[in-house]
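Dumped my_file.txt below, it's compact mmCIF, C-alpha atoms:
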```txt
# COMPACT_ATOMS: atom_id res chain seq x y z
CA PHE A 44 0.00 0.00 0.00
CA GLY A 45 2.99 2.27 0.19
CA SER A 46 2.62 3.31 3.85
CA SER A 47 0.85 2.40 7.06
CA GLU A 48 -1.22 5.58 6.76
CA ARG A 49 -2.44 4.47 3.33
CA LEU A 50 -3.39 1.08 4.77
CA LYS A 51 -5.27 2.72 7.65
CA THR A 52 -7.17 4.90 5.16
CA LEU A 53 -8.23 1.92 3.03
CA VAL A 54 -9.32 -0.07 6.09
CA PHE A 55 -11.34 2.90 7.36
CA GLN A 56 -12.98 3.34 3.94
CA ASP A 57 -13.86 -0.35 3.86
CA LEU A 58 -15.42 -0.24 7.34
CA LEU A 59 -17.27 2.94 6.45
CA CYS A 60 -18.67 1.40 3.27
CA LYS A 61 -19.75 -1.80 5.05
CA ALA A 62 -21.58 0.30 7.61
CA ALA A 63 -23.20 2.26 4.80
CA CYS A 64 -24.32 -0.97 3.08
CA LYS A 65 -25.97 -2.18 6.30
CA ALA A 66 -27.64 1.19 6.68
CA ILE A 67 -28.92 0.95 3.11
CA ILE A 68 -30.49 -2.46 3.73
CA ASN A 69 -32.19 -1.19 6.88
CA ALA A 70 -33.37 1.95 5.12
CA ILE A 71 -34.86 -0.04 2.23
CA LEU A 72 -36.71 -2.30 4.65
CA MET A 73 -38.15 0.76 6.38
CA ASP A 74 -38.78 2.81 3.23
CA PRO A 75 -38.41 1.00 -0.15
CA THR A 76 -38.97 4.27 -2.04
CA LYS A 77 -35.58 5.70 -0.98
CA LEU A 78 -33.00 6.04 -3.76
CA TYR A 79 -29.51 4.56 -3.51
CA CYS A 80 -27.94 8.01 -3.83
CA ASP A 81 -29.91 9.15 -0.79
CA MET A 82 -28.55 6.31 1.34
CA VAL A 83 -24.87 6.13 0.37
CA ASP A 84 -22.15 8.67 -0.28
CA VAL A 85 -21.82 8.41 -4.08
CA SER A 86 -18.32 9.92 -3.91
CA LEU A 87 -17.21 6.42 -2.82
CA LEU A 88 -17.74 5.36 -6.45
CA ARG A 89 -14.86 7.56 -7.58
CA GLY A 90 -11.61 5.82 -8.40
CA ARG A 91 -10.04 3.35 -10.78
CA TRP A 92 -11.97 0.07 -11.08
CA ALA A 93 -10.85 -3.05 -12.98
CA ARG A 94 -13.23 -5.86 -13.91
CA SER A 95 -12.33 -9.19 -12.30
CA ASP A 96 -11.70 -12.02 -14.75
CA SER A 97 -12.22 -14.68 -12.08
CA LYS A 98 -15.05 -13.47 -9.84
CA TYR A 99 -18.50 -13.58 -11.45
CA GLU A 100 -21.82 -15.36 -11.26
CA ASN A 101 -23.58 -17.23 -14.10
CA TRP A 102 -21.38 -15.47 -16.66
CA GLU A 103 -20.77 -18.53 -18.86
CA ASN A 104 -24.50 -19.14 -19.29
CA TYR A 105 -25.03 -15.46 -19.97
CA VAL A 106 -22.54 -15.19 -22.85
CA LEU A 107 -23.56 -18.57 -24.30
CA TRP A 108 -27.18 -17.39 -24.29
CA TYR A 109 -26.07 -14.70 -26.75
CA GLY A 110 -24.93 -17.48 -29.10
CA MET A 111 -21.19 -17.20 -28.53
CA THR A 112 -18.84 -20.11 -29.04
CA GLU A 113 -16.91 -21.36 -26.02
CA HIS A 114 -13.76 -19.65 -27.33
CA GLU A 115 -15.58 -16.33 -27.79
CA ALA A 116 -17.12 -16.70 -24.35
CA ARG A 117 -13.69 -17.23 -22.80
CA GLU A 118 -12.30 -14.16 -24.58
CA GLU A 119 -15.23 -12.09 -23.36
CA THR A 120 -14.68 -13.36 -19.80
CA ILE A 121 -11.02 -12.44 -19.49
CA GLU A 122 -11.05 -9.25 -21.55
CA PRO A 123 -9.79 -6.39 -19.33
CA GLN A 124 -12.18 -3.52 -18.76
CA ILE A 125 -11.37 -0.48 -16.63
CA HIS A 126 -13.63 2.31 -15.39
CA ILE A 127 -11.92 5.40 -14.01
CA ILE A 128 -14.73 7.33 -12.33
CA THR A 129 -13.54 10.91 -11.93
CA ALA A 130 -16.73 12.66 -10.77
CA THR A 131 -20.02 11.55 -9.21
CA SER A 132 -23.12 13.27 -7.89
CA LYS A 133 -26.83 12.54 -7.65
CA ASP A 134 -27.23 14.13 -11.08
CA GLU A 135 -24.37 12.79 -13.20
CA MET A 136 -21.24 10.65 -13.39
CA THR A 137 -18.07 11.17 -15.45
CA LEU A 138 -15.72 8.31 -16.22
CA VAL A 139 -12.89 7.23 -18.48
CA HIS A 140 -13.80 3.86 -20.03
CA GLN A 141 -10.79 1.77 -21.07
CA LEU A 142 -10.87 -1.38 -23.23
CA PRO A 143 -7.17 -2.14 -23.92
CA TRP A 144 -7.81 -5.18 -26.15
CA ARG A 145 -9.91 -3.11 -28.54
CA ALA A 146 -7.06 -1.19 -30.14
CA GLY A 147 -6.34 0.55 -26.85
CA LEU A 148 -9.78 2.15 -26.73
CA GLN A 149 -10.19 4.92 -24.17
CA VAL A 150 -13.34 7.06 -24.02
CA GLU A 151 -14.31 9.75 -21.54
CA TYR A 152 -17.99 10.58 -21.17
CA THR A 153 -20.61 11.81 -18.72
CA VAL A 154 -23.96 10.13 -18.08
CA ASN A 155 -26.97 12.00 -16.70
CA MET A 156 -28.99 10.38 -13.90
CA ASP A 157 -32.33 11.75 -15.07
CA GLY A 158 -34.02 8.63 -16.47
CA LYS A 159 -33.85 9.94 -20.06
CA TYR A 160 -32.35 8.18 -23.07
CA TYR A 161 -29.15 9.56 -24.60
CA PRO A 162 -26.87 8.39 -27.45
CA ILE A 163 -24.20 5.87 -26.49
CA PRO A 164 -20.71 7.26 -27.26
CA GLN A 165 -19.86 6.30 -30.84
CA ALA A 166 -16.38 5.07 -29.94
CA LEU A 167 -17.95 2.43 -27.67
CA LEU A 168 -20.41 1.33 -30.34
CA LYS A 169 -17.69 0.88 -32.96
CA THR A 170 -15.99 -1.77 -30.82
CA ALA A 171 -19.14 -2.95 -29.04
CA GLY A 172 -19.45 -6.24 -27.22
CA MET A 173 -22.62 -8.24 -26.87
CA SER A 174 -25.19 -5.65 -25.83
CA GLY A 175 -23.78 -2.94 -28.07
CA LEU A 176 -23.99 -5.10 -31.17
CA ALA A 177 -27.65 -5.76 -30.48
CA ASN A 178 -28.54 -2.16 -29.63
CA ASN A 179 -29.79 -0.76 -32.93
CA ARG A 180 -31.24 2.29 -31.13
CA ALA A 181 -27.73 3.17 -29.91
CA GLU A 182 -29.19 4.74 -26.76
CA TRP A 183 -29.03 4.18 -23.05
CA MET A 184 -30.57 5.60 -19.90
CA HIS A 185 -29.17 6.04 -16.40
CA LYS A 186 -30.73 6.80 -13.04
CA PHE A 187 -30.47 5.97 -9.37
CA ASP A 188 -33.15 3.69 -7.92
CA GLU A 189 -33.34 1.81 -4.64
CA LYS A 190 -30.87 -0.88 -5.87
CA GLY A 191 -28.08 1.32 -7.16
CA LEU A 192 -26.98 3.17 -10.27
CA MET A 193 -29.10 1.64 -13.02
CA CYS A 194 -28.48 1.61 -16.78
CA GLU A 195 -31.15 0.50 -19.25
CA GLN A 196 -31.05 -0.36 -22.95
CA HIS A 197 -33.73 -1.67 -25.34
CA LEU A 198 -32.32 -4.49 -27.49
CA PRO A 199 -33.82 -6.74 -30.17
CA VAL A 200 -32.34 -10.20 -29.56
CA LYS A 201 -33.25 -13.38 -31.47
CA GLY A 202 -35.98 -11.49 -33.28
CA LYS A 203 -37.74 -10.36 -30.09
CA PRO A 204 -37.68 -7.10 -28.08
CA HIS A 205 -35.66 -7.23 -24.89
CA ILE A 206 -34.61 -4.86 -22.12
CA LEU A 207 -31.15 -4.96 -20.58
CA ARG A 208 -30.83 -3.47 -17.10
CA TYR A 209 -27.82 -3.49 -14.85
CA TRP A 210 -27.24 -1.98 -11.44
CA ARG A 211 -23.89 -0.73 -10.13
CA SER A 212 -23.58 -0.82 -6.32
CA LEU A 213 -20.82 -1.00 -3.73
CA VAL A 214 -20.08 -4.31 -2.00
CA ASN A 215 -17.47 -2.51 0.10
CA ALA A 216 -15.11 0.42 -0.34
CA ASN A 217 -12.92 -1.58 -2.73
CA GLU A 218 -15.43 -3.63 -4.74
CA ILE A 219 -18.35 -2.80 -7.04
CA MET A 220 -21.00 -5.34 -8.03
CA ILE A 221 -22.74 -5.02 -11.40
CA ASN A 222 -26.00 -6.97 -11.37
CA VAL A 223 -27.11 -7.63 -14.97
CA ARG A 224 -30.68 -8.67 -15.83
CA PHE A 225 -32.12 -9.40 -19.27
CA TYR A 226 -35.87 -9.30 -19.88
CA GLU A 227 -37.98 -10.38 -22.86
CA VAL A 228 -40.90 -8.04 -23.57
CA ASP A 229 -44.16 -9.42 -25.00
CA ALA A 230 -46.79 -7.58 -27.06
CA SER A 231 -48.57 -6.34 -23.93
CA GLY A 232 -45.35 -4.89 -22.48
CA GLN A 233 -45.01 -7.63 -19.86
CA GLU A 234 -41.39 -8.35 -18.94
CA THR A 235 -40.01 -11.82 -18.25
CA GLU A 236 -36.44 -12.32 -17.05
CA VAL A 237 -34.58 -14.69 -19.39
CA ILE A 238 -30.96 -14.57 -18.18
CA HIS A 239 -28.85 -12.84 -15.57
CA THR A 240 -25.25 -12.49 -14.45
CA ILE A 241 -23.15 -10.58 -11.94
CA ARG A 242 -19.69 -9.13 -12.60
CA TYR A 243 -17.36 -7.55 -10.05
CA PHE A 244 -14.94 -4.64 -10.32
CA GLN A 245 -12.09 -4.15 -7.85
CA ARG A 246 -10.60 -0.81 -6.90
CA ILE A 247 -7.05 -0.64 -8.28
CA PRO A 248 -5.51 2.65 -7.09
CA PHE A 249 -3.01 4.52 -9.22
CA LYS A 250 0.55 4.11 -8.00
CA GLU A 251 2.05 7.47 -7.10
CA ARG A 252 5.55 6.19 -7.77
CA TRP A 253 6.64 3.29 -9.94
CA THR A 254 9.73 1.94 -11.67
CA ALA A 255 9.83 0.74 -15.28
CA ALA A 256 12.54 -1.07 -17.19
CA ALA A 257 13.20 -1.48 -20.91
CA ALA A 258 15.82 -3.40 -22.86
CA GLN A 259 16.84 -3.49 -26.52
CA PHE A 260 19.27 -5.96 -28.04
CA PHE A 261 19.98 -7.81 -31.28
CA SER A 262 18.17 -11.12 -31.07
CA GLY A 263 20.13 -13.00 -33.70
CA MET A 264 19.35 -16.63 -34.52
CA ASP A 265 20.47 -18.31 -31.30
CA VAL A 266 17.22 -19.03 -29.38
CA ALA A 267 18.98 -20.25 -26.25
CA GLU A 268 21.21 -17.17 -26.11
CA ASN A 269 18.13 -15.03 -26.72
CA LEU A 270 16.41 -16.57 -23.71
CA ARG A 271 19.47 -16.08 -21.50
CA THR A 272 19.60 -12.40 -22.50
CA CYS A 273 15.89 -11.92 -21.71
CA VAL A 274 16.19 -13.63 -18.33
CA SER A 275 19.29 -11.59 -17.50
CA TRP A 276 17.51 -8.30 -18.24
CA MET A 277 14.41 -9.37 -16.28
CA ARG A 278 16.55 -10.20 -13.24
CA LYS A 279 18.34 -6.85 -13.44
CA ALA A 280 14.99 -5.07 -13.71
CA LYS A 281 13.63 -6.94 -10.67
CA ASP A 282 16.74 -6.13 -8.66
CA GLY A 283 16.23 -2.51 -9.63
CA GLY A 284 12.72 -2.50 -8.24
CA ALA A 285 10.74 -2.72 -11.48
```

Translate this file's structure into structure tokens.
Amino acid sequence: FGSSERLKTLVFQDLLCKAACKAIINAILMDPTKLYCDMVDVSLLRGRWARSDSKYENWENYVLWYGMTEHEAREETIEPQIHIITATSKDEMTLVHQLPWRAGLQVEYTVNMDGKYYPIPQALLKTAGMSGLANNRAEWMHKFDEKGLMCEQHLPVKGKPHILRYWRSLVNANEIMINVRFYEVDASGQETEVIHTIRYFQRIPFKERWTAAAAQFFSGMDVAENLRTCVSWMRKAKDGGA
């Protein structure tokens, strides 16, 4: 963590967030009409968050439901995704959305929490994953409800209208849960849940100080010598604190 003071701060934030989560549950039980942003300090959402490639629920079934092959599903599971939330309030949220595997994509945008539909940033649509490919309206809506920060999209999937909703909420000060629900909509407007999943994002703070190492050499044709050179440089870099 860099220092004992930093560790104390993170522990305090975690305890504070856990207390806030308990308070939220109690508040919902007493008054289910309360909004998430009225029960938790939304500034806790600020920070750098990386999607976990190992902690999730029902994800395999979710991506296979879209018709992906097992290989595509695996790629979708481990693909890194980073959200750097720089500003939050009850009215809007600004973040830098990073998708390194998609040609180093980085997009900064602000979403309004007013329950109205707005265009999805074009840069995201051009390299869209599952939901983006299906979203021919190219719009989304955000708002706070009693569960968390909710995003909604209308998607035609398998020839039928569907609604995608997902809620972002804090598990603790260092983990965000994104609860994803997919609903099929019939002619009367009745919604039926067809698939769901949960993904988790962990807080990964920026390092204030770091050491990097680089090496350049002529590789030649000797594979064994090549390997020895690489290992030698890696050991020197490690000894130097990289």

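Between atom CA of A:Asn222 and atom CA of A:Tyr209 there is a distance of 5.2 Å.
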
Contacts of stretch 144-155 of chain A at 7 Å (all atoms listed in the file; same-chain gap of 3+ positions) as number ranges by chain: A: 122, 134-141, 166, 170, 185

Length of the atom CA of A:Lys279 to atom CA of A:Lys250 vector [Å]: 21.6 Å

Best match for closeness to A:Glu103 among A:Met277, A:Leu207, A:Ile238, A:Ile247, counting all atoms listed in the file: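 Looking at the shortest contact to A:Glu103, the residue is A:Ile238.
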
Pull the closest atom pair for each residue of stretch 84-130 of chain A that gets at most 10 Å from stretch 188-203 of chain A, along with the distance in Å to one decimal, counting only C-alpha atoms, ordering rows by chain and then ascending residue number, as JSON lines.
```
{"residue": "A:Val85", "atom": "CA", "partner": "A:Leu192", "partner_atom": "CA", "distance": 9.6}
{"residue": "A:Tyr109", "atom": "CA", "partner": "A:Val200", "partner_atom": "CA", "distance": 8.2}
{"residue": "A:Gly110", "atom": "CA", "partner": "A:Lys201", "partner_atom": "CA", "distance": 9.6}
```

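Between atom CA of A:Phe225 and atom CA of A:Tyr161 there is a distance of 19.9 Å.
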
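Nearest-residue note for A:Ser97: choosing from A:Pro123, A:Pro204, A:Pro248, A:Gly283, the minimum distance belongs to A:Pro123, counting all atoms listed in the file.
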
Test item: residues at most 8 Å from A:Tyr99, only C-alpha atoms, excluding those fewer than 2 positions along its chain, as a PyMOL selection string: chain A and resi 95-97+101-102+240-243

Could those residues be written to a file, using C-alpha atoms, as an mmCIF file, in the frame of the given file?
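Ended up saving to out_13.cif:
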```
data_model
loop_
_atom_site.group_PDB
_atom_site.id
_atom_site.type_symbol
_atom_site.label_atom_id
_atom_site.label_comp_id
_atom_site.auth_asym_id
_atom_site.auth_seq_id
_atom_site.Cartn_x
_atom_site.Cartn_y
_atom_site.Cartn_z
ATOM 1 C CA SER A 95 -12.330 -9.190 -12.300
ATOM 2 C CA ASP A 96 -11.700 -12.020 -14.750
ATOM 3 C CA SER A 97 -12.220 -14.680 -12.080
ATOM 4 C CA ASN A 101 -23.580 -17.230 -14.100
ATOM 5 C CA TRP A 102 -21.380 -15.470 -16.660
ATOM 6 C CA THR A 240 -25.250 -12.490 -14.450
ATOM 7 C CA ILE A 241 -23.150 -10.580 -11.940
ATOM 8 C CA ARG A 242 -19.690 -9.130 -12.600
ATOM 9 C CA TYR A 243 -17.360 -7.550 -10.050
#
```

Assuming 8 Å of padding per side, give the centre and edge lengths of the axis-aligned box around every listed atom of stretch 84-93 of chain A, in Å to one decimal and as JSON.
```
{"center_x": -16.1, "center_y": 3.4, "center_z": -6.6, "size_x": 28.1, "size_y": 29.0, "size_z": 28.7}
```

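Nearest residue to A:Tyr79, choosing from A:Thr112, A:Ser212, A:Asn217, A:Ser132 and counting all atoms listed in the file: A:Ser212.
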
Shortest interatomic distance to A:Leu167 - which of A:Cys273, A:Met82, A:Ala181, A:Ala93, counting all atoms listed in the file: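 Checking each of A:Cys273, A:Met82, A:Ala181, A:Ala93 against A:Leu167, counting all atoms listed in the file, the winner is A:Ala181.
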
Selected residue, from A:Leu270, A:Leu88, A:Ala285, A:Leu78, that lies nearest to A:Gln245 when counting only C-alpha atoms: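 Once distances to A:Gln245 are computed over only C-alpha atoms, the minimum belongs to A:Leu88.
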
Could stretch 214-226 of chain A be completed with N, CA, C and O atoms and returned as a PDB file, keeping the file's coordinate frame?
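selection-v9.pdb, written as the output of this step:
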```
ATOM      1  N   VAL A 214     -20.115  -3.189  -2.940  1.00  0.00           N
ATOM      2  CA  VAL A 214     -20.080  -4.310  -2.000  1.00  0.00           C
ATOM      3  C   VAL A 214     -19.351  -3.858  -0.747  1.00  0.00           C
ATOM      4  O   VAL A 214     -19.765  -4.120   0.378  1.00  0.00           O
ATOM      5  N   ASN A 215     -18.235  -3.162  -0.962  1.00  0.00           N
ATOM      6  CA  ASN A 215     -17.470  -2.510   0.100  1.00  0.00           C
ATOM      7  C   ASN A 215     -16.689  -1.378  -0.549  1.00  0.00           C
ATOM      8  O   ASN A 215     -16.894  -1.081  -1.731  1.00  0.00           O
ATOM      9  N   ALA A 216     -15.819  -0.748   0.187  1.00  0.00           N
ATOM     10  CA  ALA A 216     -15.110   0.420  -0.340  1.00  0.00           C
ATOM     11  C   ALA A 216     -14.197   0.092  -1.511  1.00  0.00           C
ATOM     12  O   ALA A 216     -13.796   0.975  -2.263  1.00  0.00           O
ATOM     13  N   ASN A 217     -13.870  -1.194  -1.694  1.00  0.00           N
ATOM     14  CA  ASN A 217     -12.920  -1.580  -2.730  1.00  0.00           C
ATOM     15  C   ASN A 217     -13.500  -2.556  -3.758  1.00  0.00           C
ATOM     16  O   ASN A 217     -12.752  -3.157  -4.529  1.00  0.00           O
ATOM     17  N   GLU A 218     -14.816  -2.709  -3.772  1.00  0.00           N
ATOM     18  CA  GLU A 218     -15.430  -3.630  -4.740  1.00  0.00           C
ATOM     19  C   GLU A 218     -16.806  -3.130  -5.158  1.00  0.00           C
ATOM     20  O   GLU A 218     -17.615  -2.725  -4.323  1.00  0.00           O
ATOM     21  N   ILE A 219     -17.051  -3.153  -6.461  1.00  0.00           N
ATOM     22  CA  ILE A 219     -18.350  -2.800  -7.040  1.00  0.00           C
ATOM     23  C   ILE A 219     -18.966  -4.052  -7.652  1.00  0.00           C
ATOM     24  O   ILE A 219     -18.285  -4.839  -8.320  1.00  0.00           O
ATOM     25  N   MET A 220     -20.248  -4.243  -7.417  1.00  0.00           N
ATOM     26  CA  MET A 220     -21.000  -5.340  -8.030  1.00  0.00           C
ATOM     27  C   MET A 220     -21.876  -4.762  -9.141  1.00  0.00           C
ATOM     28  O   MET A 220     -22.539  -3.743  -8.946  1.00  0.00           O
ATOM     29  N   ILE A 221     -21.854  -5.410 -10.309  1.00  0.00           N
ATOM     30  CA  ILE A 221     -22.740  -5.020 -11.400  1.00  0.00           C
ATOM     31  C   ILE A 221     -23.696  -6.175 -11.663  1.00  0.00           C
ATOM     32  O   ILE A 221     -23.303  -7.233 -12.152  1.00  0.00           O
ATOM     33  N   ASN A 222     -24.942  -5.962 -11.282  1.00  0.00           N
ATOM     34  CA  ASN A 222     -26.000  -6.970 -11.370  1.00  0.00           C
ATOM     35  C   ASN A 222     -26.734  -6.788 -12.684  1.00  0.00           C
ATOM     36  O   ASN A 222     -27.428  -5.794 -12.894  1.00  0.00           O
ATOM     37  N   VAL A 223     -26.589  -7.749 -13.607  1.00  0.00           N
ATOM     38  CA  VAL A 223     -27.110  -7.630 -14.970  1.00  0.00           C
ATOM     39  C   VAL A 223     -28.344  -8.528 -15.127  1.00  0.00           C
ATOM     40  O   VAL A 223     -28.292  -9.725 -14.841  1.00  0.00           O
ATOM     41  N   ARG A 224     -29.437  -7.939 -15.616  1.00  0.00           N
ATOM     42  CA  ARG A 224     -30.680  -8.670 -15.830  1.00  0.00           C
ATOM     43  C   ARG A 224     -31.195  -8.419 -17.245  1.00  0.00           C
ATOM     44  O   ARG A 224     -31.214  -7.281 -17.704  1.00  0.00           O
ATOM     45  N   PHE A 225     -31.612  -9.504 -17.908  1.00  0.00           N
ATOM     46  CA  PHE A 225     -32.120  -9.400 -19.270  1.00  0.00           C
ATOM     47  C   PHE A 225     -33.576  -9.850 -19.295  1.00  0.00           C
ATOM     48  O   PHE A 225     -33.908 -10.924 -18.789  1.00  0.00           O
ATOM     49  N   TYR A 226     -34.440  -9.020 -19.880  1.00  0.00           N
ATOM     50  CA  TYR A 226     -35.870  -9.300 -19.880  1.00  0.00           C
ATOM     51  C   TYR A 226     -36.411  -9.355 -21.323  1.00  0.00           C
ATOM     52  O   TYR A 226     -36.068  -8.499 -22.148  1.00  0.00           O
TER      53      TYR A 226
END
```
